[in-house]
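Here the structure comes first, spelled out in structure tokens, and everything after it is commentary.
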Amino acid sequence: MGRKHYTEEFKREAVRLVEVSGRPIPEITADLGLGRATLNRWIKEFRDQVLLAG
């Protein structure tokens with residue numbers, strides 16, 4: 001079984017859910033079928049992008 005590939009849009013929506021939903025990360029990862037480390041990596045990537053762009 002290979003690694004799953006997610007679209008940029010899916011990643012951004014997952015990060016947005018963390019930021020605006022108020023739901024705990026474990027609940028979000030369970031709903032989306034993600035590993036916690038994966039979502040945490042996306043959060044860091046998008047925050048780094050915002051910092052570099054600003």
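Chain labels A, B, ... are given in the sequence in which chains occur in the structure tokens; within each chain residues are numbered consecutively from 1, and ligands are likewise numbered from 1 in the order shown.
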
Counting only C-alpha atoms, what is within 12 Å of stretch 20-35 of chain A, bar same-chain residues fewer than 4 positions away, as a PyMOL selection string?
chain A and resi 3-6+10-11+13-16+39-43

From chain A, collect each residue whose DSSP state is helix (DSSP H, G or I) and return the set as a PyMOL selection string.
chain A and resi 8-21+25-32+36-53

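Atom CA of A:Arg12 sits 10.1 Å away from atom CA of A:Glu45.
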